Amino acid sequence: MQNMNHAWEIYWYVIPATLLSLICIFAIVKSLPQIKRFPEKKYFKIIFVFFLLTLFQITIGLIDQFFIDTSNKISGRKSPTNISMVVYIICEYQIYVHLLLTFIKSQSIKTYLEISKYFIFFLAIILWFSKISMELLTSYYTLAEGILLLPACFYFFYEILTGPPVLKLSEESSFWIVTAITFLFVCLIPAYIGIAIIQNFINPIKVMDYIGYCLITTLFLKGITCKTVQVA
């Protein structure tokens, strides 16, 4: 029974991680032709880096899962997966902020986002050196990300509704990119509240986490392959 439980724990991780890695590889390959088409678009390069970082993080996790003995001295805070995970979540917030700064027009919202970058960085450092589990660290950090980013995302949609009419919204890169960030945290906030409250129900919640990242990767890809590209 113990071996079966261990096998299920592996499946909870490996199946969604493999799916996300395949989506990332597809997104990277599909994005390559766009480099020549939009060399001046800084936000495209940022999204391409996001695809690479996500694939790298998954690869580290899979290597850690199958080839590194977690009972030795490099488990917990010293685990390669956990170290790279903290670096990843810090970098991803900077990526989301950069994208929102590109598309949002309000100067006050831009100032708010700039300040939030420093807050989230120091929060990550504080949580890393705290004594809480990695599950709770990720939960608290992701909740903070969502609370900080969602108001800016909603303001972007407000600008679209109140601004000049868009000829074809489905071909606007900014729409798909900000929609991706919004959907990610709409998915993740309930999941990580669940981790904070029901810590023995982590595996199904982790699946929701992967579903959220599959969604944002797909929508980011849609955003950078639109025919109409917003000027960066």
# chains A, B, ... in the order shown; residues from 1 in each chain; ligands from 1
$ select_by_dssp --residues "range 63-162 of chain A" --states "helix (DSSP H, G or I)" --output "PyMOL selection string"
chain A and resi 63-67+76-78+80-103+107-128+134-162
$ residues_around --residues "Ser31 in chain A" --least-positions-apart "5" --cutoff "10 Å" --atoms "only C-alpha atoms" --output "MDAnalysis selection string"
chainID A and resid 25:26 36 44:45 47:48 51 221:222 224:225
$ closest_atom_pairs --of "range 32-129 of chain A" --to "range 143-167 of chain A" --cutoff "8 Å" --atoms "only C-alpha atoms" --output "tab-separated table"
residue	atom	partner	partner_atom	distance
A:Tyr93	CA	A:Glu145	CA	7.1
A:Val97	CA	A:Leu149	CA	7.8
A:Leu100	CA	A:Cys153	CA	7.4
A:Phe103	CA	A:Phe156	CA	7.5
A:Ile104	CA	A:Phe156	CA	5.7
A:Lys105	CA	A:Glu159	CA	7.9
A:Ile109	CA	A:Ala152	CA	6.7
A:Leu113	CA	A:Ala152	CA	7.8
A:Ser116	CA	A:Leu148	CA	7.0
A:Ile120	CA	A:Glu145	CA	7.3
$ write_last_selection --atoms "all heavy atoms" --output "mmCIF file, in the first residue's frame"
data_model
loop_
_atom_site.group_PDB
_atom_site.id
_atom_site.type_symbol
_atom_site.label_atom_id
_atom_site.label_comp_id
_atom_site.auth_asym_id
_atom_site.auth_seq_id
_atom_site.Cartn_x
_atom_site.Cartn_y
_atom_site.Cartn_z
ATOM 1 N N TYR A 93 7.220 37.082 -11.596
ATOM 2 C CA TYR A 93 6.513 38.302 -11.206
ATOM 3 C C TYR A 93 7.077 39.504 -11.956
ATOM 4 O O TYR A 93 6.323 40.368 -12.421
ATOM 5 C CB TYR A 93 6.610 38.526 -9.702
ATOM 6 C CG TYR A 93 5.721 39.667 -9.242
ATOM 7 C CD1 TYR A 93 4.385 39.440 -8.965
ATOM 8 C CD2 TYR A 93 6.216 40.963 -9.120
ATOM 9 C CE1 TYR A 93 3.544 40.484 -8.564
ATOM 10 C CE2 TYR A 93 5.392 42.003 -8.731
ATOM 11 C CZ TYR A 93 4.066 41.761 -8.447
ATOM 12 O OH TYR A 93 3.247 42.799 -8.069
ATOM 13 N N VAL A 97 4.915 41.951 -14.451
ATOM 14 C CA VAL A 97 4.897 43.403 -14.256
ATOM 15 C C VAL A 97 5.387 44.110 -15.511
ATOM 16 O O VAL A 97 4.801 45.111 -15.947
ATOM 17 C CB VAL A 97 5.752 43.803 -13.032
ATOM 18 C CG1 VAL A 97 6.000 45.307 -13.016
ATOM 19 C CG2 VAL A 97 5.053 43.383 -11.742
ATOM 20 N N LEU A 100 2.582 44.098 -18.074
ATOM 21 C CA LEU A 100 1.508 45.030 -17.719
ATOM 22 C C LEU A 100 1.956 46.479 -17.902
ATOM 23 O O LEU A 100 1.173 47.328 -18.343
ATOM 24 C CB LEU A 100 1.051 44.779 -16.283
ATOM 25 C CG LEU A 100 0.280 43.465 -16.063
ATOM 26 C CD1 LEU A 100 0.093 43.200 -14.576
ATOM 27 C CD2 LEU A 100 -1.061 43.501 -16.768
ATOM 28 N N PHE A 103 1.508 47.470 -21.523
ATOM 29 C CA PHE A 103 0.165 47.613 -22.093
ATOM 30 C C PHE A 103 -0.724 48.611 -21.370
ATOM 31 O O PHE A 103 -1.657 49.150 -21.967
ATOM 32 C CB PHE A 103 -0.520 46.246 -22.127
ATOM 33 C CG PHE A 103 0.216 45.224 -22.934
ATOM 34 C CD1 PHE A 103 0.573 43.998 -22.389
ATOM 35 C CD2 PHE A 103 0.587 45.493 -24.246
ATOM 36 C CE1 PHE A 103 1.261 43.066 -23.136
ATOM 37 C CE2 PHE A 103 1.281 44.561 -25.003
ATOM 38 C CZ PHE A 103 1.613 43.344 -24.451
ATOM 39 N N ILE A 104 -0.489 48.853 -20.093
ATOM 40 C CA ILE A 104 -1.340 49.773 -19.325
ATOM 41 C C ILE A 104 -0.880 51.214 -19.551
ATOM 42 O O ILE A 104 0.313 51.499 -19.566
ATOM 43 C CB ILE A 104 -1.314 49.407 -17.830
ATOM 44 C CG1 ILE A 104 -2.050 48.087 -17.606
ATOM 45 C CG2 ILE A 104 -1.938 50.503 -16.981
ATOM 46 C CD1 ILE A 104 -2.009 47.574 -16.187
ATOM 47 N N LYS A 105 -1.829 52.108 -19.709
ATOM 48 C CA LYS A 105 -1.519 53.508 -20.000
ATOM 49 C C LYS A 105 -1.455 54.370 -18.741
ATOM 50 O O LYS A 105 -0.737 55.364 -18.718
ATOM 51 C CB LYS A 105 -2.569 54.075 -20.958
ATOM 52 C CG LYS A 105 -2.613 53.358 -22.294
ATOM 53 C CD LYS A 105 -3.729 53.891 -23.167
ATOM 54 C CE LYS A 105 -3.807 53.131 -24.490
ATOM 55 N NZ LYS A 105 -4.930 53.614 -25.332
ATOM 56 N N ILE A 109 -1.071 53.512 -12.133
ATOM 57 C CA ILE A 109 -1.013 52.055 -12.081
ATOM 58 C C ILE A 109 0.407 51.574 -12.367
ATOM 59 O O ILE A 109 0.899 50.624 -11.744
ATOM 60 C CB ILE A 109 -1.999 51.427 -13.084
ATOM 61 C CG1 ILE A 109 -3.439 51.816 -12.743
ATOM 62 C CG2 ILE A 109 -1.857 49.908 -13.100
ATOM 63 C CD1 ILE A 109 -3.914 51.315 -11.389
ATOM 64 N N LEU A 113 2.747 49.301 -9.924
ATOM 65 C CA LEU A 113 3.397 48.059 -10.337
ATOM 66 C C LEU A 113 4.897 48.094 -10.089
ATOM 67 O O LEU A 113 5.495 47.092 -9.672
ATOM 68 C CB LEU A 113 3.115 47.795 -11.814
ATOM 69 C CG LEU A 113 1.683 47.358 -12.165
ATOM 70 C CD1 LEU A 113 1.477 47.377 -13.671
ATOM 71 C CD2 LEU A 113 1.381 45.986 -11.600
ATOM 72 N N SER A 116 5.461 47.467 -6.486
ATOM 73 C CA SER A 116 5.137 46.082 -6.117
ATOM 74 C C SER A 116 6.286 45.128 -6.428
ATOM 75 O O SER A 116 6.426 44.093 -5.762
ATOM 76 C CB SER A 116 3.867 45.628 -6.845
ATOM 77 O OG SER A 116 4.113 45.362 -8.218
ATOM 78 N N ILE A 120 7.439 42.411 -3.599
ATOM 79 C CA ILE A 120 7.349 40.965 -3.796
ATOM 80 C C ILE A 120 8.726 40.310 -3.667
ATOM 81 O O ILE A 120 8.846 39.168 -3.203
ATOM 82 C CB ILE A 120 6.703 40.647 -5.162
ATOM 83 C CG1 ILE A 120 6.007 39.275 -5.134
ATOM 84 C CG2 ILE A 120 7.712 40.691 -6.289
ATOM 85 C CD1 ILE A 120 4.733 39.239 -4.371
#
$ atom_distance --atom1 "CA of Gln107 in chain A" --atom2 "CA of Ser174 in chain A"
17.4 Å
$ closest_residue --among "A:Ala180, A:Leu62, A:Ile126, A:Ile46" --to "Val86 in chain A" --atoms "only C-alpha atoms"
A:Ile126
$ residues_around --residues "Thr217 in chain A" --least-positions-apart "2" --cutoff "8 Å" --atoms "only C-alpha atoms" --output "list of chain:residue names"
A:Ile23, A:Cys24, A:Ala27, A:Phe51, A:Ala180, A:Tyr213, A:Cys214, A:Leu215, A:Leu219, A:Phe220, A:Leu221
$ atom_distance --atom1 "CA of Thr18 in chain A" --atom2 "CA of Ile58 in chain A"
8.1 Å
$ closest_residue --among "A:Asp64, A:Glu114, A:Glu135, A:Glu171" --to "Ile95 in chain A" --atoms "only C-alpha atoms"
A:Glu114
